[in-house]
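Colleague: Here you go, start38.json (JSON, C-alpha atoms):
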[["chain", "number", "residue", "atom", "x", "y", "z"],
["A", 237, "MET", "CA", 28.07, 5.63, -49.40],
["A", 238, "SER", "CA", 29.41, 9.01, -50.40],
["A", 239, "ALA", "CA", 26.03, 9.91, -51.89],
["A", 240, "GLN", "CA", 24.49, 9.60, -48.45],
["A", 241, "TRP", "CA", 27.07, 11.85, -46.86],
["A", 242, "ASP", "CA", 26.41, 14.54, -49.43],
["A", 243, "MET", "CA", 22.71, 14.24, -48.77],
["A", 244, "MET", "CA", 23.18, 14.61, -45.06],
["A", 245, "ARG", "CA", 25.44, 17.58, -45.53],
["A", 246, "GLU", "CA", 22.90, 19.18, -47.81],
["A", 247, "LEU", "CA", 20.20, 18.52, -45.27],
["A", 248, "SER", "CA", 22.32, 19.81, -42.42],
["A", 249, "SER", "CA", 23.13, 23.03, -44.20],
["A", 250, "MET", "CA", 19.46, 23.39, -45.04],
["A", 251, "GLN", "CA", 18.60, 22.95, -41.40],
["A", 252, "ASP", "CA", 21.21, 25.53, -40.54],
["A", 253, "ARG", "CA", 19.76, 27.99, -43.03],
["A", 254, "MET", "CA", 16.27, 27.37, -41.75],
["A", 255, "ASN", "CA", 17.46, 27.85, -38.22],
["A", 256, "ARG", "CA", 18.81, 31.21, -39.25],
["A", 257, "ILE", "CA", 15.58, 32.20, -40.96],
["A", 258, "TRP", "CA", 13.64, 31.21, -37.87],
["A", 259, "GLY", "CA", 16.40, 32.51, -35.72],
["A", 260, "THR", "CA", 14.49, 34.95, -33.59],
["A", 261, "MET", "CA", 11.86, 32.39, -32.71],
["A", 262, "TYR", "CA", 14.05, 29.33, -32.56],
["A", 263, "ASP", "CA", 17.18, 30.62, -30.89],
["A", 264, "ARG", "CA", 16.05, 33.99, -29.69],
["A", 265, "GLY", "CA", 18.88, 35.28, -31.90],
["A", 266, "ARG", "CA", 21.33, 35.28, -29.04],
["A", 267, "GLU", "CA", 24.32, 33.85, -30.84],
["A", 268, "ASP", "CA", 25.40, 33.65, -34.44],
["A", 269, "VAL", "CA", 26.13, 30.21, -35.63],
["A", 270, "SER", "CA", 28.20, 29.16, -38.53],
["A", 271, "GLY", "CA", 28.91, 25.54, -38.96],
["A", 272, "HIS", "CA", 30.28, 23.48, -41.76],
["A", 273, "GLY", "CA", 31.60, 20.04, -42.36],
["A", 274, "ALA", "CA", 30.32, 16.59, -43.20],
["A", 275, "TRP", "CA", 28.34, 16.51, -39.98],
["A", 276, "LEU", "CA", 26.96, 19.06, -37.60],
["A", 277, "PRO", "CA", 27.01, 17.68, -34.07],
["A", 278, "PRO", "CA", 23.92, 18.75, -32.09],
["A", 279, "VAL", "CA", 24.64, 21.47, -29.54],
["A", 280, "ASP", "CA", 22.67, 22.73, -26.57],
["A", 281, "ILE", "CA", 23.46, 26.08, -24.99],
["A", 282, "TYR", "CA", 21.83, 27.15, -21.77],
["A", 283, "GLU", "CA", 22.27, 29.57, -18.94],
["A", 284, "THR", "CA", 22.15, 28.33, -15.36],
["A", 285, "ALA", "CA", 20.63, 30.03, -12.33],
["A", 286, "ASP", "CA", 23.99, 31.58, -11.40],
["A", 287, "LYS", "CA", 24.34, 33.01, -14.94],
["A", 288, "GLU", "CA", 26.95, 30.56, -16.13],
["A", 289, "ILE", "CA", 26.62, 29.61, -19.80],
["A", 290, "VAL", "CA", 26.88, 25.87, -20.48],
["A", 291, "LEU", "CA", 27.48, 24.47, -23.96],
["A", 292, "LYS", "CA", 27.07, 20.75, -24.60],
["A", 293, "ALA", "CA", 28.04, 19.16, -27.90],
["A", 294, "GLU", "CA", 27.33, 15.55, -28.83],
["A", 295, "LEU", "CA", 30.52, 14.10, -30.24],
["A", 296, "ALA", "CA", 29.87, 10.39, -29.73],
["A", 297, "GLY", "CA", 32.70, 8.16, -30.83],
["A", 298, "LEU", "CA", 35.33, 10.91, -30.80],
["A", 299, "LYS", "CA", 38.55, 10.52, -28.88],
["A", 300, "ARG", "CA", 39.38, 13.35, -26.51],
["A", 301, "ASP", "CA", 42.48, 14.32, -28.49],
["A", 302, "ALA", "CA", 40.46, 14.57, -31.72],
["A", 303, "ILE", "CA", 38.54, 17.58, -30.36],
["A", 304, "ASP", "CA", 39.88, 21.09, -30.83],
["A", 305, "LEU", "CA", 38.29, 23.88, -28.79],
["A", 306, "THR", "CA", 39.29, 27.52, -29.16],
["A", 307, "VAL", "CA", 38.00, 30.85, -27.90],
["A", 308, "GLU", "CA", 39.14, 33.85, -29.89],
["A", 309, "ASN", "CA", 37.62, 37.31, -30.23],
["A", 310, "ASN", "CA", 34.47, 36.26, -28.39],
["A", 311, "THR", "CA", 33.99, 33.34, -30.75],
["A", 312, "LEU", "CA", 34.02, 29.81, -29.46],
["A", 313, "THR", "CA", 34.88, 27.20, -32.07],
["A", 314, "ILE", "CA", 34.70, 23.43, -31.78],
["A", 315, "ARG", "CA", 36.45, 21.44, -34.47],
["A", 316, "GLY", "CA", 37.14, 17.79, -34.87],
["A", 317, "GLN", "CA", 37.22, 14.76, -37.02],
["A", 318, "ARG", "CA", 35.49, 11.46, -36.51],
["A", 319, "GLN", "CA", 37.05, 8.44, -38.12],
["A", 320, "PRO", "CA", 35.11, 5.29, -38.92],
["A", 321, "ASP", "CA", 36.20, 2.04, -37.30],
["A", 322, "GLU", "CA", 39.14, 0.34, -38.91],
["A", 323, "ALA", "CA", 37.24, -2.94, -38.75],
["A", 324, "ALA", "CA", 34.42, -1.33, -40.72],
["A", 325, "ALA", "CA", 36.66, -0.63, -43.69],
["A", 326, "ASP", "CA", 36.08, -4.00, -45.35],
["A", 327, "ALA", "CA", 32.68, -4.58, -43.78],
["A", 328, "GLN", "CA", 29.38, -4.90, -45.55],
["A", 329, "PHE", "CA", 27.00, -2.20, -44.36],
["A", 330, "HIS", "CA", 23.33, -2.98, -43.77],
["A", 331, "ARG", "CA", 22.50, 0.39, -42.28],
["A", 332, "SER", "CA", 24.55, 3.55, -42.24],
["A", 333, "GLU", "CA", 23.07, 6.50, -40.36],
["A", 334, "ARG", "CA", 26.15, 7.78, -38.56],
["A", 335, "VAL", "CA", 28.14, 10.54, -40.23],
["A", 336, "PHE", "CA", 31.92, 10.64, -40.22],
["A", 337, "GLY", "CA", 34.48, 13.21, -41.22],
["A", 338, "ALA", "CA", 35.37, 16.73, -40.16],
["A", 339, "PHE", "CA", 33.10, 19.26, -38.49],
["A", 340, "SER", "CA", 33.35, 22.82, -37.28],
["A", 341, "ARG", "CA", 30.86, 24.85, -35.27],
["A", 342, "SER", "CA", 31.28, 28.42, -34.05],
["A", 343, "PHE", "CA", 29.30, 30.44, -31.56],
["A", 344, "THR", "CA", 29.50, 34.10, -30.70],
["A", 345, "LEU", "CA", 29.79, 34.59, -26.96],
["A", 346, "PRO", "CA", 28.19, 37.46, -25.11],
["A", 347, "ASN", "CA", 30.57, 40.14, -23.76],
["A", 348, "THR", "CA", 29.65, 39.13, -20.26],
["A", 349, "VAL", "CA", 31.58, 35.86, -20.51],
["A", 350, "ASP", "CA", 35.00, 35.59, -18.90],
["A", 351, "ALA", "CA", 37.02, 33.90, -21.66],
["A", 352, "ALA", "CA", 39.93, 33.30, -19.29],
["A", 353, "LYS", "CA", 37.83, 31.05, -17.09],
["A", 354, "VAL", "CA", 36.40, 28.75, -19.72],
["A", 355, "LYS", "CA", 36.43, 25.13, -18.62],
["A", 356, "ALA", "CA", 35.81, 22.07, -20.77],
["A", 357, "GLU", "CA", 35.46, 18.37, -20.13],
["A", 358, "TYR", "CA", 34.69, 15.39, -22.33],
["A", 359, "ARG", "CA", 32.77, 12.45, -21.03],
["A", 360, "ASP", "CA", 30.61, 9.70, -22.57],
["A", 361, "GLY", "CA", 30.69, 11.37, -25.98],
["A", 362, "VAL", "CA", 29.60, 14.81, -24.79],
["A", 363, "LEU", "CA", 31.83, 17.89, -24.66],
["A", 364, "THR", "CA", 30.73, 20.26, -21.89],
["A", 365, "VAL", "CA", 32.07, 23.82, -21.96],
["A", 366, "ARG", "CA", 31.37, 26.06, -18.96],
["A", 367, "LEU", "CA", 31.61, 29.79, -19.48],
["A", 368, "PRO", "CA", 31.35, 31.77, -16.27],
["A", 369, "ARG", "CA", 30.23, 35.37, -16.20],
["A", 370, "ARG", "CA", 32.68, 38.14, -15.54],
["A", 371, "GLU", "CA", 32.34, 39.28, -11.96],
["A", 372, "GLU", "CA", 31.57, 42.89, -12.85],
["A", 373, "THR", "CA", 28.65, 41.90, -15.08],
["A", 374, "ARG", "CA", 26.83, 39.97, -12.38],
["A", 375, "PRO", "CA", 23.65, 41.57, -11.25],
["A", 376, "ARG", "CA", 24.11, 43.12, -7.84],
["A", 377, "GLN", "CA", 21.61, 43.62, -5.17],
["A", 378, "ILE", "CA", 21.80, 47.18, -3.94],
["A", 379, "ALA", "CA", 20.10, 48.01, -0.73],
["A", 380, "VAL", "CA", 18.52, 51.40, -0.74],
["A", 381, "ASP", "CA", 17.55, 53.02, 2.48],
["A", 382, "VAL", "CA", 14.27, 54.68, 2.12],
["A", 383, "GLN", "CA", 13.99, 57.54, 4.51],
["A", 384, "GLY", "CA", 10.82, 59.20, 5.06],
["B", 164, "MET", "CA", 9.79, -16.29, -48.42],
["B", 165, "THR", "CA", 10.07, -13.76, -51.19],
["B", 166, "LEU", "CA", 13.43, -12.29, -51.79],
["B", 167, "VAL", "CA", 13.35, -8.56, -52.35],
["B", 168, "ARG", "CA", 16.35, -6.94, -53.87],
["B", 169, "TRP", "CA", 17.79, -4.46, -51.36],
["B", 170, "ASN", "CA", 17.44, -0.96, -52.66],
["B", 171, "PRO", "CA", 19.78, 1.39, -50.79],
["B", 172, "THR", "CA", 18.19, 4.53, -52.23],
["B", 173, "ARG", "CA", 14.75, 3.52, -51.02],
["B", 174, "GLU", "CA", 16.08, 2.86, -47.55],
["B", 175, "LEU", "CA", 17.93, 6.13, -47.66],
["B", 176, "ALA", "CA", 14.88, 8.02, -48.89],
["B", 177, "SER", "CA", 12.69, 6.74, -46.08],
["B", 178, "MET", "CA", 15.36, 7.62, -43.56],
["B", 179, "GLU", "CA", 15.72, 11.14, -44.92],
["B", 180, "ILE", "CA", 11.97, 11.68, -44.94],
["B", 181, "ASP", "CA", 11.94, 10.61, -41.33],
["B", 182, "ARG", "CA", 14.64, 13.13, -40.46],
["B", 183, "LEU", "CA", 12.99, 15.86, -42.49],
["B", 184, "ASN", "CA", 9.71, 15.29, -40.70],
["B", 185, "ARG", "CA", 11.49, 15.61, -37.41],
["B", 186, "MET", "CA", 13.09, 18.82, -38.56],
["B", 187, "PHE", "CA", 9.73, 20.30, -39.48],
["B", 188, "GLU", "CA", 8.23, 19.09, -36.23],
["B", 189, "ASP", "CA", 10.91, 21.12, -34.50],
["B", 190, "PHE", "CA", 9.76, 24.29, -36.23],
["B", 191, "VAL", "CA", 6.07, 23.85, -35.62],
["B", 192, "GLY", "CA", 6.63, 22.73, -32.07],
["B", 193, "GLY", "CA", 5.46, 19.15, -32.48],
["B", 194, "VAL", "CA", 6.49, 16.30, -30.24],
["B", 195, "ARG", "CA", 10.17, 15.59, -30.59],
["B", 196, "THR", "CA", 11.34, 12.06, -30.30],
["B", 197, "TRP", "CA", 14.87, 10.86, -30.02],
["B", 198, "MET", "CA", 16.09, 8.52, -32.75],
["B", 199, "PRO", "CA", 19.76, 7.76, -32.16],
["B", 200, "ALA", "CA", 21.82, 7.15, -35.31],
["B", 201, "VAL", "CA", 22.75, 3.49, -35.79],
["B", 202, "ASP", "CA", 25.18, 1.70, -38.08],
["B", 203, "VAL", "CA", 24.81, -2.01, -38.75],
["B", 204, "TYR", "CA", 27.55, -3.86, -40.54],
["B", 205, "GLU", "CA", 28.89, -7.34, -41.07],
["B", 206, "THR", "CA", 32.62, -7.82, -40.63],
["B", 207, "SER", "CA", 34.81, -9.98, -42.84],
["B", 208, "ASP", "CA", 34.53, -12.81, -40.28],
["B", 209, "ARG", "CA", 30.75, -12.54, -40.57],
["B", 210, "GLU", "CA", 30.08, -10.97, -37.20],
["B", 211, "TYR", "CA", 27.25, -8.44, -37.01],
["B", 212, "VAL", "CA", 28.25, -5.14, -35.39],
["B", 213, "ILE", "CA", 25.58, -2.64, -34.30],
["B", 214, "LYS", "CA", 26.83, 0.80, -33.26],
["B", 215, "ALA", "CA", 24.41, 3.29, -31.72],
["B", 216, "GLU", "CA", 25.19, 6.88, -30.79],
["B", 217, "LEU", "CA", 23.98, 7.29, -27.23],
["B", 218, "PRO", "CA", 26.06, 10.12, -25.76],
["B", 219, "GLU", "CA", 25.77, 11.08, -22.11],
["B", 220, "MET", "CA", 23.87, 8.01, -21.02],
["B", 221, "LYS", "CA", 24.26, 5.91, -17.94],
["B", 222, "ARG", "CA", 25.11, 2.31, -18.64],
["B", 223, "GLU", "CA", 22.20, 1.12, -16.52],
["B", 224, "ASP", "CA", 19.75, 3.20, -18.57],
["B", 225, "ILE", "CA", 20.56, 1.28, -21.75],
["B", 226, "ASN", "CA", 18.67, -1.95, -22.43],
["B", 227, "VAL", "CA", 19.68, -4.46, -25.06],
["B", 228, "THR", "CA", 17.36, -7.41, -25.73],
["B", 229, "PHE", "CA", 17.38, -10.18, -28.31],
["B", 230, "GLU", "CA", 14.20, -12.07, -29.00],
["B", 231, "HIS", "CA", 13.00, -13.98, -32.08],
["B", 232, "ASN", "CA", 16.06, -12.73, -33.93],
["B", 233, "VAL", "CA", 15.15, -9.11, -33.28],
["B", 234, "LEU", "CA", 17.73, -7.02, -31.48],
["B", 235, "THR", "CA", 16.12, -4.14, -29.61],
["B", 236, "LEU", "CA", 17.86, -1.16, -28.05],
["B", 237, "THR", "CA", 15.84, 0.94, -25.63],
["B", 238, "GLY", "CA", 16.66, 3.56, -23.06],
["B", 239, "GLU", "CA", 16.00, 6.94, -21.63],
["B", 240, "ARG", "CA", 18.19, 10.00, -21.32],
["B", 241, "ARG", "CA", 17.51, 12.93, -19.07],
["B", 242, "GLY", "CA", 19.33, 16.21, -19.48],
["B", 243, "ASP", "CA", 20.74, 18.11, -16.54],
["B", 244, "PHE", "CA", 19.14, 21.36, -17.68],
["B", 245, "ASP", "CA", 16.96, 22.77, -14.92],
["B", 246, "ALA", "CA", 13.94, 24.39, -16.58],
["B", 247, "ASN", "CA", 12.99, 26.22, -13.39],
["B", 248, "ASN", "CA", 16.28, 28.03, -13.02],
["B", 249, "GLY", "CA", 17.79, 28.23, -16.48],
["B", 250, "THR", "CA", 17.23, 29.52, -20.00],
["B", 251, "TYR", "CA", 17.90, 27.72, -23.25],
["B", 252, "HIS", "CA", 19.71, 29.65, -25.95],
["B", 253, "ARG", "CA", 19.99, 26.70, -28.29],
["B", 254, "ASN", "CA", 18.35, 23.32, -28.08],
["B", 255, "GLU", "CA", 19.33, 20.79, -30.71],
["B", 256, "ARG", "CA", 19.74, 17.68, -28.60],
["B", 257, "TYR", "CA", 17.00, 15.18, -27.95],
["B", 258, "PHE", "CA", 16.10, 13.76, -24.59],
["B", 259, "GLY", "CA", 13.62, 11.20, -23.37],
["B", 260, "LYS", "CA", 13.00, 7.65, -24.48],
["B", 261, "PHE", "CA", 14.17, 5.89, -27.57],
["B", 262, "ALA", "CA", 13.63, 2.44, -29.06],
["B", 263, "ARG", "CA", 15.21, 0.90, -32.12],
["B", 264, "SER", "CA", 14.85, -2.65, -33.41],
["B", 265, "PHE", "CA", 16.77, -4.61, -36.01],
["B", 266, "THR", "CA", 15.97, -8.02, -37.45],
["B", 267, "LEU", "CA", 19.04, -10.18, -37.73],
["B", 268, "PRO", "CA", 19.38, -13.31, -39.86],
["B", 269, "ALA", "CA", 18.49, -16.69, -38.35],
["B", 270, "THR", "CA", 22.16, -17.72, -38.57],
["B", 271, "VAL", "CA", 23.32, -15.53, -35.66],
["B", 272, "ASP", "CA", 24.16, -16.95, -32.25],
["B", 273, "GLY", "CA", 21.95, -15.20, -29.70],
["B", 274, "ASN", "CA", 23.85, -16.74, -26.79],
["B", 275, "ARG", "CA", 27.13, -15.02, -27.58],
["B", 276, "ILE", "CA", 26.01, -11.40, -27.95],
["B", 277, "THR", "CA", 28.26, -8.86, -26.26],
["B", 278, "ALA", "CA", 27.69, -5.14, -25.67],
["B", 279, "ALA", "CA", 30.08, -2.35, -24.66],
["B", 280, "TYR", "CA", 29.64, 1.38, -24.09],
["B", 281, "LYS", "CA", 32.49, 3.79, -24.75],
["B", 282, "ASP", "CA", 32.74, 7.50, -25.63],
["B", 283, "GLY", "CA", 28.95, 7.64, -25.96],
["B", 284, "VAL", "CA", 28.75, 4.81, -28.48],
["B", 285, "LEU", "CA", 27.07, 1.48, -27.74],
["B", 286, "THR", "CA", 28.65, -1.40, -29.66],
["B", 287, "VAL", "CA", 26.76, -4.69, -29.84],
["B", 288, "ARG", "CA", 28.51, -7.66, -31.39],
["B", 289, "VAL", "CA", 26.45, -10.59, -32.65],
["B", 290, "PRO", "CA", 28.52, -13.52, -33.90],
["B", 291, "GLN", "CA", 27.32, -16.08, -36.41],
["B", 292, "ARG", "CA", 26.72, -19.65, -35.35],
["B", 293, "GLU", "CA", 29.71, -21.86, -36.12],
["B", 294, "GLU", "CA", 27.70, -24.00, -38.54],
["B", 295, "ALA", "CA", 26.62, -20.90, -40.41],
["B", 296, "LYS", "CA", 30.16, -19.84, -41.20],
["B", 297, "PRO", "CA", 31.38, -20.65, -44.68],
["B", 298, "LYS", "CA", 33.49, -23.77, -44.83],
["B", 299, "GLN", "CA", 36.19, -24.68, -47.23],
["B", 300, "ILE", "CA", 35.48, -28.12, -48.59],
["B", 301, "GLU", "CA", 38.32, -30.20, -49.86],
["B", 302, "VAL", "CA", 37.74, -31.71, -53.21],
["B", 303, "GLY", "CA", 38.72, -35.35, -53.13],
["B", 304, "GLU", "CA", 39.93, -37.47, -56.00]]
Before we go any further, please render this structure as structure tokens.

Modeller:
Amino acid sequence: MSAQWDMMRELSSMQDRMNRIWGTMYDRGREDVSGHGAWLPPVDIYETADKEIVLKAELAGLKRDAIDLTVENNTLTIRGQRQPDEAAADAQFHRSERVFGAFSRSFTLPNTVDAAKVKAEYRDGVLTVRLPRREETRPRQIAVDVQG
Amino acid sequence: MTLVRWNPTRELASMEIDRLNRMFEDFVGGVRTWMPAVDVYETSDREYVIKAELPEMKREDINVTFEHNVLTLTGERRGDFDANNGTYHRNERYFGKFARSFTLPATVDGNRITAAYKDGVLTVRVPQREEAKPKQIEVGE
């Protein structure tokens, strides 16, 4: 069992490295990512029409209180630990694809994000973090009178 | 029926190749398909437990069927990202349809299957038929 975990970790870190190599194409190089742990939960980051940044992390099977979210020095970090079922401890496994253990993923936030207004909710195994833009960085429409 | 010795490394290897292929497909822009991770185990009281990671799904979008001893999980997940008005910075999650099937032994009781969805994990429990459970037989004189 432990051999599989190592393999997955190896694979995950390889994917991470490849992502970095392909960074400009794959991620547009907008945020630095450093992740480590037995598993790397998949994360989507997108910007909405009103310039809010939304981060969604798949943490299926985690309890709300097992998730630790911090924002410090423009770096958002999600940490947690997923424990296997107690009933599975003495079970005989026929297929084991899920990864358990600790994880940590960090993302560098743009300066335009208002760290004081970060909101997070956890529902159906997905952590959603909403990062609104600072008011002063919002694009403003300036009307210019053209006089002729 | 020929009995084939279960080889965990072979199973593992095929699974890893599958994941690797997906990874490379990502880079070359191939079609991405969602394959949710699944654990299948047998508890000490010989119940089969199937756990599938299906985060952010609606209960009604998950289908569980059992036919000819094959348990099939299907469904579809749509993201709330609006491609017309938003920009992706990072896209690691899969959306769309998925289908996974598992053959269970003939000794399971298809009439007593239960399924529950919690914290993004679907848990299907398939008990064994009573007559298939091991019995302690008293040895008489």

Colleague: Please report, as a Markdown table, each residue of chain A lying at most 6 Å from chain B, together with the nearest pair of atoms and the separation in Å rounded to one decimal; use only C-alpha atoms, and order rows by chain and ascending residue number.

Modeller:
| residue | atom | partner | partner_atom | distance |
| --- | --- | --- | --- | --- |
| A:Asp263 | CA | B:Arg253 | CA | 5.5 |
| A:Pro278 | CA | B:Glu255 | CA | 5.2 |
| A:Val279 | CA | B:Glu255 | CA | 5.5 |
| A:Asp280 | CA | B:Asn254 | CA | 4.6 |
| A:Ile281 | CA | B:Arg253 | CA | 4.8 |
| A:Tyr282 | CA | B:Tyr251 | CA | 4.2 |
| A:Glu283 | CA | B:Thr250 | CA | 5.2 |
| A:Thr284 | CA | B:Gly249 | CA | 4.5 |
| A:Ala285 | CA | B:Asn248 | CA | 4.8 |
| A:Ala296 | CA | B:Gly283 | CA | 4.8 |
| A:Gly297 | CA | B:Asp282 | CA | 5.2 |
| A:Ala327 | CA | B:Thr206 | CA | 4.5 |
| A:Gln328 | CA | B:Glu205 | CA | 5.1 |
| A:Phe329 | CA | B:Tyr204 | CA | 4.2 |
| A:His330 | CA | B:Val203 | CA | 5.3 |
| A:Arg331 | CA | B:Val203 | CA | 4.9 |
| A:Ser332 | CA | B:Asp202 | CA | 4.6 |
| A:Glu333 | CA | B:Ala200 | CA | 5.2 |
| A:Arg334 | CA | B:Ala200 | CA | 5.5 |
| A:Asp360 | CA | B:Gly283 | CA | 4.3 |
| A:Gly361 | CA | B:Gly283 | CA | 4.1 |
| A:Val362 | CA | B:Pro218 | CA | 6.0 |

Colleague: Extract, using all atoms listed in the file, all DNA, RNA and protein residues at most 10 Å from Arg292 of chain B, discarding same-chain residues fewer than 5 positions from it, and format them as a PyMOL selection string.

Modeller: chain B and resi 209-210+269-275

Colleague: At a cut-off of 12 Å from (17.5, 2.0, -20.8) in the coordinates of the file, what residues are picked up using all atoms listed in the file, written as a VMD selection string?

Modeller: chain B and resid 217 220 to 228 235 to 241 259 to 263 285

Colleague: Export, as a short mmCIF file (atom, residue, chain, number, x, y, z; two decimals), in the frame of the given file, the selected residues with C-alpha atoms.

Modeller:
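Saved to selection_19.cif:
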data_model
loop_
_atom_site.label_atom_id
_atom_site.label_comp_id
_atom_site.auth_asym_id
_atom_site.auth_seq_id
_atom_site.Cartn_x
_atom_site.Cartn_y
_atom_site.Cartn_z
CA LEU B 217 23.98 7.29 -27.23
CA MET B 220 23.87 8.01 -21.02
CA LYS B 221 24.26 5.91 -17.94
CA ARG B 222 25.11 2.31 -18.64
CA GLU B 223 22.20 1.12 -16.52
CA ASP B 224 19.75 3.20 -18.57
CA ILE B 225 20.56 1.28 -21.75
CA ASN B 226 18.67 -1.95 -22.43
CA VAL B 227 19.68 -4.46 -25.06
CA THR B 228 17.36 -7.41 -25.73
CA THR B 235 16.12 -4.14 -29.61
CA LEU B 236 17.86 -1.16 -28.05
CA THR B 237 15.84 0.94 -25.63
CA GLY B 238 16.66 3.56 -23.06
CA GLU B 239 16.00 6.94 -21.63
CA ARG B 240 18.19 10.00 -21.32
CA ARG B 241 17.51 12.93 -19.07
CA GLY B 259 13.62 11.20 -23.37
CA LYS B 260 13.00 7.65 -24.48
CA PHE B 261 14.17 5.89 -27.57
CA ALA B 262 13.63 2.44 -29.06
CA ARG B 263 15.21 0.90 -32.12
CA LEU B 285 27.07 1.48 -27.74
#

Colleague: Just to confirm, what's the straight-line distance from atom CA of Thr313 of chain A to atom CA of Met198 of chain B in Å (one decimal)?

Modeller: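 That distance, rounded to one decimal, is 26.5 Å.
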
Colleague: One decimal, in Å: what's the spacing between atom CA of Leu298 of chain A and atom CA of Arg318 of chain A?

Modeller: 5.7 Å

Colleague: Would you mind reading off the distance between atom CA of Leu367 of chain A and atom CA of Thr306 of chain A, one decimal, in Å?

Modeller: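 If I compute the distance from atom CA of Leu367 of chain A to atom CA of Thr306 of chain A, I get 12.6 Å.
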
Colleague: Every residue with an atom at most 9 Å from (11.8, -10.7, -33.9) (file coordinates; only C-alpha atoms) is what I'm after, so could you write them as a list in words?

Modeller: Phe229, Glu230, His231, Asn232, Val233, Leu234, Thr235, Ser264, Phe265, Thr266 and Leu267 of chain B
